[in-house]
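File shown: run32.pdb (PDB, C-alpha atoms, pLDDT in the B column).
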ATOM      1  CA  MET A   1     270.989-317.892  40.561  1.00 50.00           C
ATOM      2  CA  ALA A   2     268.411-320.617  41.326  1.00 59.00           C
ATOM      3  CA  ASP A   3     265.651-319.971  43.825  1.00 60.00           C
ATOM      4  CA  THR A   4     266.166-321.944  47.028  1.00 65.00           C
ATOM      5  CA  THR A   5     263.739-322.265  49.875  1.00 71.00           C
ATOM      6  CA  GLU A   6     265.096-320.594  52.956  1.00 78.00           C
ATOM      7  CA  ILE A   7     262.516-321.941  55.390  1.00 82.00           C
ATOM      8  CA  ILE A   8     259.808-324.601  55.477  1.00 81.00           C
ATOM      9  CA  GLU A   9     256.526-322.743  55.103  1.00 85.00           C
ATOM     10  CA  ALA A  10     254.113-325.592  55.924  1.00 88.00           C
ATOM     11  CA  PRO A  11     254.177-329.163  57.215  1.00 90.00           C
ATOM     12  CA  LEU A  12     255.536-331.572  54.641  1.00 90.00           C
ATOM     13  CA  SER A  13     253.109-333.681  52.628  1.00 92.00           C
ATOM     14  CA  TYR A  14     252.937-337.451  53.015  1.00 90.00           C
ATOM     15  CA  ASP A  15     254.697-337.734  49.645  1.00 92.00           C
ATOM     16  CA  ALA A  16     257.526-335.437  50.750  1.00 91.00           C
ATOM     17  CA  LEU A  17     257.964-337.221  54.103  1.00 91.00           C
ATOM     18  CA  GLY A  18     257.918-340.610  52.395  1.00 90.00           C
ATOM     19  CA  ALA A  19     260.487-339.501  49.814  1.00 91.00           C
ATOM     20  CA  MET A  20     262.722-338.046  52.552  1.00 91.00           C
ATOM     21  CA  TYR A  21     262.551-341.274  54.571  1.00 90.00           C
ATOM     22  CA  ARG A  22     263.222-343.520  51.562  1.00 91.00           C
ATOM     23  CA  LYS A  23     266.236-341.361  50.688  1.00 91.00           C
ATOM     24  CA  MET A  24     267.522-341.721  54.269  1.00 89.00           C
ATOM     25  CA  CYS A  25     267.014-345.517  54.145  1.00 87.00           C
ATOM     26  CA  ASN A  26     269.236-345.696  51.060  1.00 87.00           C
ATOM     27  CA  ASP A  27     271.871-343.223  52.285  1.00 89.00           C
ATOM     28  CA  PRO A  28     274.992-344.956  53.668  1.00 89.00           C
ATOM     29  CA  LEU A  29     275.497-342.030  56.059  1.00 86.00           C
ATOM     30  CA  PHE A  30     272.483-343.263  58.058  1.00 84.00           C
ATOM     31  CA  ALA A  31     273.343-346.989  57.876  1.00 80.00           C
ATOM     32  CA  ASN A  32     274.831-347.253  61.356  1.00 80.00           C
ATOM     33  CA  VAL A  33     272.840-344.673  63.284  1.00 79.00           C
ATOM     34  CA  PRO A  34     271.835-346.306  66.590  1.00 74.00           C
ATOM     35  CA  GLY A  35     268.155-346.286  67.499  1.00 73.00           C
ATOM     36  CA  LYS A  36     265.212-345.656  65.269  1.00 82.00           C
ATOM     37  CA  ILE A  37     264.701-342.484  63.292  1.00 87.00           C
ATOM     38  CA  GLU A  38     261.308-340.836  62.966  1.00 88.00           C
ATOM     39  CA  LEU A  39     260.460-337.635  61.093  1.00 90.00           C
ATOM     40  CA  ASP A  40     258.060-335.049  62.446  1.00 89.00           C
ATOM     41  CA  ARG A  41     255.712-333.328  60.009  1.00 90.00           C
ATOM     42  CA  TRP A  42     258.299-330.594  59.444  1.00 90.00           C
ATOM     43  CA  GLY A  43     260.931-333.141  58.334  1.00 89.00           C
ATOM     44  CA  ARG A  44     262.986-332.975  61.529  1.00 89.00           C
ATOM     45  CA  MET A  45     264.587-336.209  62.729  1.00 87.00           C
ATOM     46  CA  VAL A  46     263.526-337.583  66.093  1.00 87.00           C
ATOM     47  CA  MET A  47     265.853-340.282  67.388  1.00 84.00           C
ATOM     48  CA  SER A  48     265.271-342.654  70.282  1.00 79.00           C
ATOM     49  CA  PRO A  49     268.099-344.887  71.487  1.00 78.00           C
ATOM     50  CA  ALA A  50     266.788-348.124  72.965  1.00 81.00           C
ATOM     51  CA  SER A  51     268.028-350.179  75.898  1.00 86.00           C
ATOM     52  CA  ASN A  52     268.690-353.890  75.595  1.00 88.00           C
ATOM     53  CA  TYR A  53     265.593-354.594  77.722  1.00 90.00           C
ATOM     54  CA  HIS A  54     263.548-352.515  75.262  1.00 90.00           C
ATOM     55  CA  GLY A  55     264.818-354.770  72.458  1.00 91.00           C
ATOM     56  CA  THR A  56     264.094-357.860  74.540  1.00 92.00           C
ATOM     57  CA  LEU A  57     260.470-356.767  74.974  1.00 94.00           C
ATOM     58  CA  GLN A  58     260.219-356.152  71.224  1.00 94.00           C
ATOM     59  CA  ALA A  59     261.496-359.672  70.521  1.00 94.00           C
ATOM     60  CA  ARG A  60     259.119-361.249  73.042  1.00 95.00           C
ATOM     61  CA  LEU A  61     256.175-359.382  71.527  1.00 96.00           C
ATOM     62  CA  VAL A  62     257.175-360.568  68.051  1.00 95.00           C
ATOM     63  CA  LYS A  63     257.229-364.201  69.235  1.00 93.00           C
ATOM     64  CA  ARG A  64     253.769-363.914  70.783  1.00 93.00           C
ATOM     65  CA  LEU A  65     252.218-361.989  67.890  1.00 94.00           C
ATOM     66  CA  ALA A  66     253.451-364.600  65.398  1.00 92.00           C
ATOM     67  CA  ASP A  67     250.680-366.899  66.681  1.00 90.00           C
ATOM     68  CA  LEU A  68     248.083-364.513  65.191  1.00 92.00           C
ATOM     69  CA  GLY A  69     249.209-365.247  61.630  1.00 90.00           C
ATOM     70  CA  GLY A  70     249.717-362.301  59.297  1.00 94.00           C
ATOM     71  CA  GLU A  71     253.050-360.479  59.532  1.00 96.00           C
ATOM     72  CA  VAL A  72     254.891-359.070  62.525  1.00 97.00           C
ATOM     73  CA  ILE A  73     257.325-356.258  61.759  1.00 96.00           C
ATOM     74  CA  VAL A  74     259.820-354.572  64.049  1.00 95.00           C
ATOM     75  CA  GLU A  75     260.164-350.816  63.525  1.00 93.00           C
ATOM     76  CA  ALA A  76     257.883-350.421  60.519  1.00 95.00           C
ATOM     77  CA  SER A  77     257.720-346.879  59.149  1.00 96.00           C
ATOM     78  CA  VAL A  78     254.214-345.378  58.934  1.00 97.00           C
ATOM     79  CA  LEU A  79     253.007-342.047  57.545  1.00 97.00           C
ATOM     80  CA  THR A  80     250.674-340.336  60.040  1.00 97.00           C
ATOM     81  CA  PRO A  81     249.227-336.855  60.575  1.00 95.00           C
ATOM     82  CA  LEU A  82     251.990-336.325  63.172  1.00 94.00           C
ATOM     83  CA  GLY A  83     254.758-337.249  60.730  1.00 95.00           C
ATOM     84  CA  LEU A  84     256.581-340.453  59.897  1.00 96.00           C
ATOM     85  CA  LEU A  85     256.393-342.687  62.969  1.00 96.00           C
ATOM     86  CA  VAL A  86     258.190-345.970  63.572  1.00 96.00           C
ATOM     87  CA  PRO A  87     256.268-348.100  66.093  1.00 97.00           C
ATOM     88  CA  ASP A  88     258.451-350.618  67.908  1.00 96.00           C
ATOM     89  CA  VAL A  89     256.355-353.582  66.732  1.00 97.00           C
ATOM     90  CA  VAL A  90     253.386-353.874  64.388  1.00 98.00           C
ATOM     91  CA  TRP A  91     251.083-356.713  63.431  1.00 98.00           C
ATOM     92  CA  ALA A  92     249.516-356.670  59.986  1.00 98.00           C
ATOM     93  CA  SER A  93     246.952-358.999  58.458  1.00 97.00           C
ATOM     94  CA  ALA A  94     247.643-360.810  55.196  1.00 96.00           C
ATOM     95  CA  GLU A  95     245.172-358.411  53.578  1.00 97.00           C
ATOM     96  CA  PHE A  96     247.105-355.370  54.794  1.00 98.00           C
ATOM     97  CA  ILE A  97     250.397-356.834  53.589  1.00 97.00           C
ATOM     98  CA  GLY A  98     248.836-357.669  50.225  1.00 96.00           C
ATOM     99  CA  ALA A  99     247.758-354.049  49.808  1.00 96.00           C
ATOM    100  CA  HIS A 100     250.924-352.402  51.190  1.00 96.00           C
ATOM    101  CA  ARG A 101     253.721-354.952  50.657  1.00 91.00           C
ATOM    102  CA  ASN A 102     256.015-352.727  48.599  1.00 90.00           C
ATOM    103  CA  GLU A 103     255.556-349.481  50.559  1.00 94.00           C
ATOM    104  CA  THR A 104     258.315-347.832  52.547  1.00 94.00           C
ATOM    105  CA  PRO A 105     256.981-346.105  54.501  1.00 96.00           C
ATOM    106  CA  PHE A 106     253.521-347.621  54.874  1.00 97.00           C
ATOM    107  CA  GLU A 107     250.902-345.125  53.684  1.00 96.00           C
ATOM    108  CA  ALA A 108     248.463-346.515  56.274  1.00 97.00           C
ATOM    109  CA  ALA A 109     249.051-347.961  59.721  1.00 98.00           C
ATOM    110  CA  PRO A 110     248.920-351.743  60.210  1.00 98.00           C
ATOM    111  CA  GLU A 111     246.060-353.018  62.342  1.00 98.00           C
ATOM    112  CA  LEU A 112     248.082-353.221  65.583  1.00 98.00           C
ATOM    113  CA  CYS A 113     250.877-350.783  66.442  1.00 98.00           C
ATOM    114  CA  ILE A 114     252.893-351.142  69.643  1.00 98.00           C
ATOM    115  CA  GLU A 115     255.158-348.634  71.381  1.00 96.00           C
ATOM    116  CA  VAL A 116     257.480-349.821  74.149  1.00 95.00           C
ATOM    117  CA  THR A 117     258.168-346.931  76.505  1.00 93.00           C
ATOM    118  CA  SER A 118     261.594-345.472  77.112  1.00 87.00           C
ATOM    119  CA  PRO A 119     262.695-343.047  79.837  1.00 85.00           C
ATOM    120  CA  SER A 120     262.792-340.273  77.220  1.00 83.00           C
ATOM    121  CA  ASN A 121     259.062-340.620  76.415  1.00 87.00           C
ATOM    122  CA  SER A 122     256.556-338.099  77.747  1.00 90.00           C
ATOM    123  CA  ARG A 123     252.857-338.736  78.363  1.00 93.00           C
ATOM    124  CA  ARG A 124     252.026-336.077  75.748  1.00 94.00           C
ATOM    125  CA  GLU A 125     254.276-337.696  73.119  1.00 93.00           C
ATOM    126  CA  LEU A 126     252.723-341.126  73.715  1.00 96.00           C
ATOM    127  CA  THR A 127     249.183-339.705  73.539  1.00 96.00           C
ATOM    128  CA  GLU A 128     250.023-337.933  70.281  1.00 96.00           C
ATOM    129  CA  LYS A 129     251.512-341.123  68.809  1.00 97.00           C
ATOM    130  CA  VAL A 130     248.440-343.157  69.776  1.00 98.00           C
ATOM    131  CA  GLU A 131     246.122-340.595  68.175  1.00 98.00           C
ATOM    132  CA  ALA A 132     248.279-340.323  65.024  1.00 98.00           C
ATOM    133  CA  LEU A 133     248.546-344.091  64.493  1.00 98.00           C
ATOM    134  CA  LEU A 134     244.794-344.533  64.982  1.00 98.00           C
ATOM    135  CA  ALA A 135     244.134-341.667  62.559  1.00 98.00           C
ATOM    136  CA  ALA A 136     246.424-343.427  60.056  1.00 98.00           C
ATOM    137  CA  GLY A 137     244.259-346.559  60.212  1.00 98.00           C
ATOM    138  CA  ALA A 138     245.441-348.689  63.135  1.00 98.00           C
ATOM    139  CA  ILE A 139     242.656-350.628  64.839  1.00 98.00           C
ATOM    140  CA  GLU A 140     244.552-350.691  68.127  1.00 98.00           C
ATOM    141  CA  VAL A 141     247.658-349.059  69.550  1.00 98.00           C
ATOM    142  CA  TRP A 142     249.333-350.500  72.614  1.00 97.00           C
ATOM    143  CA  ILE A 143     251.669-348.736  74.986  1.00 97.00           C
ATOM    144  CA  VAL A 144     253.916-351.223  76.780  1.00 95.00           C
ATOM    145  CA  TYR A 145     255.244-349.809  80.032  1.00 94.00           C
ATOM    146  CA  SER A 146     258.459-351.731  80.592  1.00 87.00           C
ATOM    147  CA  ARG A 147     259.164-350.525  84.126  1.00 87.00           C
ATOM    148  CA  ALA A 148     255.573-350.690  85.395  1.00 89.00           C
ATOM    149  CA  GLN A 149     255.123-354.020  83.575  1.00 91.00           C
ATOM    150  CA  ARG A 150     251.735-353.241  82.083  1.00 92.00           C
ATOM    151  CA  ILE A 151     250.125-352.725  78.699  1.00 94.00           C
ATOM    152  CA  GLU A 152     247.527-350.090  77.831  1.00 95.00           C
ATOM    153  CA  ALA A 153     245.438-350.672  74.706  1.00 96.00           C
ATOM    154  CA  PHE A 154     243.685-347.908  72.755  1.00 98.00           C
ATOM    155  CA  GLY A 155     241.134-347.925  69.980  1.00 97.00           C
ATOM    156  CA  ARG A 156     239.388-345.149  68.120  1.00 95.00           C
ATOM    157  CA  GLY A 157     237.044-344.677  71.095  1.00 95.00           C
ATOM    158  CA  GLY A 158     239.874-344.291  73.609  1.00 96.00           C
ATOM    159  CA  ALA A 159     241.282-346.662  76.228  1.00 96.00           C
ATOM    160  CA  LEU A 160     240.160-350.284  75.886  1.00 95.00           C
ATOM    161  CA  ALA A 161     239.292-352.615  78.750  1.00 93.00           C
ATOM    162  CA  SER A 162     240.603-355.519  76.659  1.00 91.00           C
ATOM    163  CA  SER A 163     242.221-356.034  73.287  1.00 92.00           C
ATOM    164  CA  ARG A 164     240.675-357.772  70.305  1.00 92.00           C
ATOM    165  CA  PHE A 165     244.125-359.266  69.653  1.00 90.00           C
ATOM    166  CA  ALA A 166     244.418-362.272  71.941  1.00 82.00           C
ATOM    167  CA  LEU A 167     247.975-362.317  73.204  1.00 83.00           C
ATOM    168  CA  ASP A 168     249.519-364.351  75.996  1.00 80.00           C
ATOM    169  CA  VAL A 169     251.552-361.807  77.976  1.00 81.00           C
ATOM    170  CA  ALA A 170     252.594-364.243  80.739  1.00 80.00           C
ATOM    171  CA  GLY A 171     256.321-363.882  81.267  1.00 84.00           C
ATOM    172  CA  LEU A 172     256.584-360.906  78.924  1.00 89.00           C
ATOM    173  CA  PHE A 173     258.302-358.745  81.533  1.00 90.00           C
ATOM    174  CA  ASP A 174     260.495-361.442  83.156  1.00 85.00           C
TER     175      ASP A 174
END
Any chance you could give the structure as structure tokens?
Amino acid sequence: MADTTEIIEAPLSYDALGAMYRKMCNDPLFANVPGKIELDRWGRMVMSPASNYHGTLQARLVKRLADLGGEVIVEASVLTPLGLLVPDVVWASAEFIGAHRNETPFEAAPELCIEVTSPSNSRRELTEKVEALLAAGAIEVWIVYSRAQRIEAFGRGGALASSRFALDVAGLFD
């Protein structure tokens, strides 16, 4: 009889998380799962259904970020110390895309990662995501509070008074 692992003894490696996610991306059983799927460092799925307004904010952010050049990606998968995270919107420079074009998931975070809040988010979860995305290489992480209609920007030194990514947010929350 073959040896099988009965329990997970340690957090999964980046390689194991990446392989698990790629397998899920190609599995027809996951093709129509609503909402995004993230994996924690133990390989457990974390799912977040999104409202239509959440999707509207994502689309509006994409339109505004397009003016920066580079690439704007909705729900890009990123390996982080917390697990495999899927920020709602990311902006990546041409240099980043050149280095990581064929990766799923990205082995480093794009320069700007944005999370749009949902009622299911907790302050702790958002703080952990910010820290994990910065640790994975993001220059900035934004938290977009849809109900409060505000954006908080974070860099490696903590909260930022202003972002280095010039973005016109007029009308974003209309």
List every residue of range 63-142 of chain A that has an atom at most 6 Å from any atom of range 31-48 of chain A, giving for each one its closest atom pair and the distance in Å to one decimal, counting all atoms listed in the file, sorted by chain and then by ascending residue number, as a Markdown table.
| residue | atom | partner | partner_atom | distance |
| --- | --- | --- | --- | --- |
| A:Leu82 | CA | A:Arg41 | CA | 5.7 |
| A:Gly83 | CA | A:Arg41 | CA | 4.1 |
| A:Leu84 | CA | A:Leu39 | CA | 4.9 |
| A:Leu85 | CA | A:Glu38 | CA | 5.3 |
(request) Can you pull out every residue within 7 Å of range 103-119 of chain A, counting only C-alpha atoms, but drop anything in the same chain fewer than 2 positions away, and send it as a list in words? (result)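 With the cut-off at 7 Å, the set is Gly18, Arg22, His54, Ser77, Val78, Leu79, Pro87, Asp88, Val89, Val90, Trp91, Ala92, Phe96, His100, Arg101, Asn121, Leu133, Ala136, Gly137, Ala138, Ile139, Glu140, Val141, Trp142, Ile143, Val144, Tyr145 and Ser146 of chain A.
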Take the selection from the previous step and output its residues with C-alpha atoms, as an mmCIF file, in the coordinates of the input.
data_model
loop_
_atom_site.group_PDB
_atom_site.id
_atom_site.type_symbol
_atom_site.label_atom_id
_atom_site.label_comp_id
_atom_site.auth_asym_id
_atom_site.auth_seq_id
_atom_site.Cartn_x
_atom_site.Cartn_y
_atom_site.Cartn_z
ATOM 1 C CA GLY A 18 257.918 -340.610 52.395
ATOM 2 C CA ARG A 22 263.222 -343.520 51.562
ATOM 3 C CA HIS A 54 263.548 -352.515 75.262
ATOM 4 C CA SER A 77 257.720 -346.879 59.149
ATOM 5 C CA VAL A 78 254.214 -345.378 58.934
ATOM 6 C CA LEU A 79 253.007 -342.047 57.545
ATOM 7 C CA PRO A 87 256.268 -348.100 66.093
ATOM 8 C CA ASP A 88 258.451 -350.618 67.908
ATOM 9 C CA VAL A 89 256.355 -353.582 66.732
ATOM 10 C CA VAL A 90 253.386 -353.874 64.388
ATOM 11 C CA TRP A 91 251.083 -356.713 63.431
ATOM 12 C CA ALA A 92 249.516 -356.670 59.986
ATOM 13 C CA PHE A 96 247.105 -355.370 54.794
ATOM 14 C CA HIS A 100 250.924 -352.402 51.190
ATOM 15 C CA ARG A 101 253.721 -354.952 50.657
ATOM 16 C CA ASN A 121 259.062 -340.620 76.415
ATOM 17 C CA LEU A 133 248.546 -344.091 64.493
ATOM 18 C CA ALA A 136 246.424 -343.427 60.056
ATOM 19 C CA GLY A 137 244.259 -346.559 60.212
ATOM 20 C CA ALA A 138 245.441 -348.689 63.135
ATOM 21 C CA ILE A 139 242.656 -350.628 64.839
ATOM 22 C CA GLU A 140 244.552 -350.691 68.127
ATOM 23 C CA VAL A 141 247.658 -349.059 69.550
ATOM 24 C CA TRP A 142 249.333 -350.500 72.614
ATOM 25 C CA ILE A 143 251.669 -348.736 74.986
ATOM 26 C CA VAL A 144 253.916 -351.223 76.780
ATOM 27 C CA TYR A 145 255.244 -349.809 80.032
ATOM 28 C CA SER A 146 258.459 -351.731 80.592
#
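With all atoms listed in the file as the atoms that count, the residue of A:Val74, A:Leu68, A:Leu126, A:Cys25 with the shortest distance to Thr56 in chain A is A:Val74.
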(request) In Å, rounded to a single decimal, give me how far CA of Ser93 in chain A is from CA of Gly155 in chain A. (result) 17.0 Å
Residues in the PyMOL selection byres ((chain A and resi 170) around 12), expressed as an mmCIF file with C-alpha atoms, in the frame of the given file:
data_model
loop_
_atom_site.group_PDB
_atom_site.id
_atom_site.type_symbol
_atom_site.label_atom_id
_atom_site.label_comp_id
_atom_site.auth_asym_id
_atom_site.auth_seq_id
_atom_site.Cartn_x
_atom_site.Cartn_y
_atom_site.Cartn_z
ATOM 1 C CA ARG A 60 259.119 -361.249 73.042
ATOM 2 C CA LEU A 61 256.175 -359.382 71.527
ATOM 3 C CA ARG A 64 253.769 -363.914 70.783
ATOM 4 C CA GLN A 149 255.123 -354.020 83.575
ATOM 5 C CA ARG A 150 251.735 -353.241 82.083
ATOM 6 C CA ILE A 151 250.125 -352.725 78.699
ATOM 7 C CA LEU A 167 247.975 -362.317 73.204
ATOM 8 C CA ASP A 168 249.519 -364.351 75.996
ATOM 9 C CA VAL A 169 251.552 -361.807 77.976
ATOM 10 C CA GLY A 171 256.321 -363.882 81.267
ATOM 11 C CA LEU A 172 256.584 -360.906 78.924
ATOM 12 C CA PHE A 173 258.302 -358.745 81.533
ATOM 13 C CA ASP A 174 260.495 -361.442 83.156
#
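Of the residues listed (A:Tyr21, A:Phe154, A:Tyr14, A:Phe165), A:Tyr21 shows the shortest atom-to-atom separation from Val86 in chain A; distances use only C-alpha atoms.
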Six-sided padding of 4 Å per side, axis-aligned box over range 147-157 of chain A, centre and edges in Å, one decimal, as AutoDock Vina command-line options:
--center_x 248.1 --center_y -349.3 --center_z 76.8 --size_x 30.1 --size_y 17.3 --size_z 25.3
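Proximity of A:Leu65, A:Ala153, A:Leu17, A:Leu12 to Leu134 in chain A, computed with only C-alpha atoms, is greatest for A:Ala153.
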What would range 117-151 of chain A look like with N, CA and C atoms restored, written as a JSON list (two decimals), in the frame of the given file?
[["chain", "number", "residue", "atom", "x", "y", "z"],
["A", 117, "THR", "N", 257.72, -348.20, 75.94],
["A", 117, "THR", "CA", 258.17, -346.93, 76.50],
["A", 117, "THR", "C", 259.67, -346.94, 76.79],
["A", 118, "SER", "N", 260.21, -345.73, 76.76],
["A", 118, "SER", "CA", 261.59, -345.47, 77.11],
["A", 118, "SER", "C", 261.59, -344.30, 78.09],
["A", 119, "PRO", "N", 262.65, -344.16, 78.89],
["A", 119, "PRO", "CA", 262.70, -343.05, 79.84],
["A", 119, "PRO", "C", 262.57, -341.67, 79.18],
["A", 120, "SER", "N", 262.88, -341.56, 77.90],
["A", 120, "SER", "CA", 262.79, -340.27, 77.22],
["A", 120, "SER", "C", 261.37, -339.93, 76.76],
["A", 121, "ASN", "N", 260.44, -340.89, 76.84],
["A", 121, "ASN", "CA", 259.06, -340.62, 76.42],
["A", 121, "ASN", "C", 258.33, -339.74, 77.41],
["A", 122, "SER", "N", 257.45, -338.88, 76.89],
["A", 122, "SER", "CA", 256.56, -338.10, 77.75],
["A", 122, "SER", "C", 255.13, -338.60, 77.53],
["A", 123, "ARG", "N", 254.27, -338.36, 78.48],
["A", 123, "ARG", "CA", 252.86, -338.74, 78.36],
["A", 123, "ARG", "C", 252.27, -338.08, 77.12],
["A", 124, "ARG", "N", 252.56, -336.80, 76.91],
["A", 124, "ARG", "CA", 252.03, -336.08, 75.75],
["A", 124, "ARG", "C", 252.47, -336.72, 74.44],
["A", 125, "GLU", "N", 253.75, -337.05, 74.33],
["A", 125, "GLU", "CA", 254.28, -337.70, 73.12],
["A", 125, "GLU", "C", 253.56, -339.02, 72.85],
["A", 126, "LEU", "N", 253.39, -339.84, 73.89],
["A", 126, "LEU", "CA", 252.72, -341.13, 73.72],
["A", 126, "LEU", "C", 251.27, -340.95, 73.30],
["A", 127, "THR", "N", 250.58, -339.99, 73.90],
["A", 127, "THR", "CA", 249.18, -339.70, 73.54],
["A", 127, "THR", "C", 249.10, -339.27, 72.08],
["A", 128, "GLU", "N", 250.01, -338.40, 71.68],
["A", 128, "GLU", "CA", 250.02, -337.93, 70.28],
["A", 128, "GLU", "C", 250.30, -339.08, 69.31],
["A", 129, "LYS", "N", 251.21, -339.98, 69.68],
["A", 129, "LYS", "CA", 251.51, -341.12, 68.81],
["A", 129, "LYS", "C", 250.31, -342.05, 68.69],
["A", 130, "VAL", "N", 249.64, -342.31, 69.81],
["A", 130, "VAL", "CA", 248.44, -343.16, 69.78],
["A", 130, "VAL", "C", 247.41, -342.55, 68.83],
["A", 131, "GLU", "N", 247.12, -341.28, 69.01],
["A", 131, "GLU", "CA", 246.12, -340.60, 68.18],
["A", 131, "GLU", "C", 246.53, -340.61, 66.70],
["A", 132, "ALA", "N", 247.81, -340.37, 66.41],
["A", 132, "ALA", "CA", 248.28, -340.32, 65.02],
["A", 132, "ALA", "C", 248.21, -341.69, 64.36],
["A", 133, "LEU", "N", 248.59, -342.74, 65.07],
["A", 133, "LEU", "CA", 248.55, -344.09, 64.49],
["A", 133, "LEU", "C", 247.11, -344.55, 64.27],
["A", 134, "LEU", "N", 246.21, -344.21, 65.19],
["A", 134, "LEU", "CA", 244.79, -344.53, 64.98],
["A", 134, "LEU", "C", 244.23, -343.75, 63.80],
["A", 135, "ALA", "N", 244.60, -342.48, 63.68],
["A", 135, "ALA", "CA", 244.13, -341.67, 62.56],
["A", 135, "ALA", "C", 244.66, -342.21, 61.23],
["A", 136, "ALA", "N", 245.82, -342.86, 61.27],
["A", 136, "ALA", "CA", 246.42, -343.43, 60.06],
["A", 136, "ALA", "C", 245.85, -344.80, 59.71],
["A", 137, "GLY", "N", 244.94, -345.31, 60.56],
["A", 137, "GLY", "CA", 244.26, -346.56, 60.21],
["A", 137, "GLY", "C", 244.44, -347.72, 61.16],
["A", 138, "ALA", "N", 245.28, -347.58, 62.19],
["A", 138, "ALA", "CA", 245.44, -348.69, 63.14],
["A", 138, "ALA", "C", 244.10, -348.98, 63.81],
["A", 139, "ILE", "N", 243.85, -350.24, 64.09],
["A", 139, "ILE", "CA", 242.66, -350.63, 64.84],
["A", 139, "ILE", "C", 242.92, -350.46, 66.33],
["A", 140, "GLU", "N", 244.14, -350.85, 66.73],
["A", 140, "GLU", "CA", 244.55, -350.69, 68.13],
["A", 140, "GLU", "C", 245.99, -350.20, 68.18],
["A", 141, "VAL", "N", 246.29, -349.46, 69.23],
["A", 141, "VAL", "CA", 247.66, -349.06, 69.55],
["A", 141, "VAL", "C", 247.88, -349.44, 71.01],
["A", 142, "TRP", "N", 248.98, -350.12, 71.26],
["A", 142, "TRP", "CA", 249.33, -350.50, 72.61],
["A", 142, "TRP", "C", 250.53, -349.69, 73.07],
["A", 143, "ILE", "N", 250.50, -349.31, 74.33],
["A", 143, "ILE", "CA", 251.67, -348.74, 74.99],
["A", 143, "ILE", "C", 252.13, -349.77, 76.01],
["A", 144, "VAL", "N", 253.35, -350.23, 75.87],
["A", 144, "VAL", "CA", 253.92, -351.22, 76.78],
["A", 144, "VAL", "C", 254.84, -350.48, 77.74],
["A", 145, "TYR", "N", 254.46, -350.48, 79.00],
["A", 145, "TYR", "CA", 255.24, -349.81, 80.03],
["A", 145, "TYR", "C", 256.22, -350.83, 80.62],
["A", 146, "SER", "N", 257.48, -350.72, 80.22],
["A", 146, "SER", "CA", 258.46, -351.73, 80.59],
["A", 146, "SER", "C", 258.75, -351.74, 82.09],
["A", 147, "ARG", "N", 258.85, -350.57, 82.69],
["A", 147, "ARG", "CA", 259.16, -350.52, 84.13],
["A", 147, "ARG", "C", 257.95, -350.89, 84.99],
["A", 148, "ALA", "N", 256.79, -350.40, 84.62],
["A", 148, "ALA", "CA", 255.57, -350.69, 85.40],
["A", 148, "ALA", "C", 255.01, -352.07, 85.05],
["A", 149, "GLN", "N", 255.52, -352.69, 84.01],
["A", 149, "GLN", "CA", 255.12, -354.02, 83.58],
["A", 149, "GLN", "C", 253.62, -354.12, 83.33],
["A", 150, "ARG", "N", 253.15, -353.21, 82.45],
["A", 150, "ARG", "CA", 251.74, -353.24, 82.08],
["A", 150, "ARG", "C", 251.58, -352.78, 80.64],
["A", 151, "ILE", "N", 250.44, -353.11, 80.07],
["A", 151, "ILE", "CA", 250.12, -352.72, 78.70],
["A", 151, "ILE", "C", 248.80, -351.97, 78.71]]
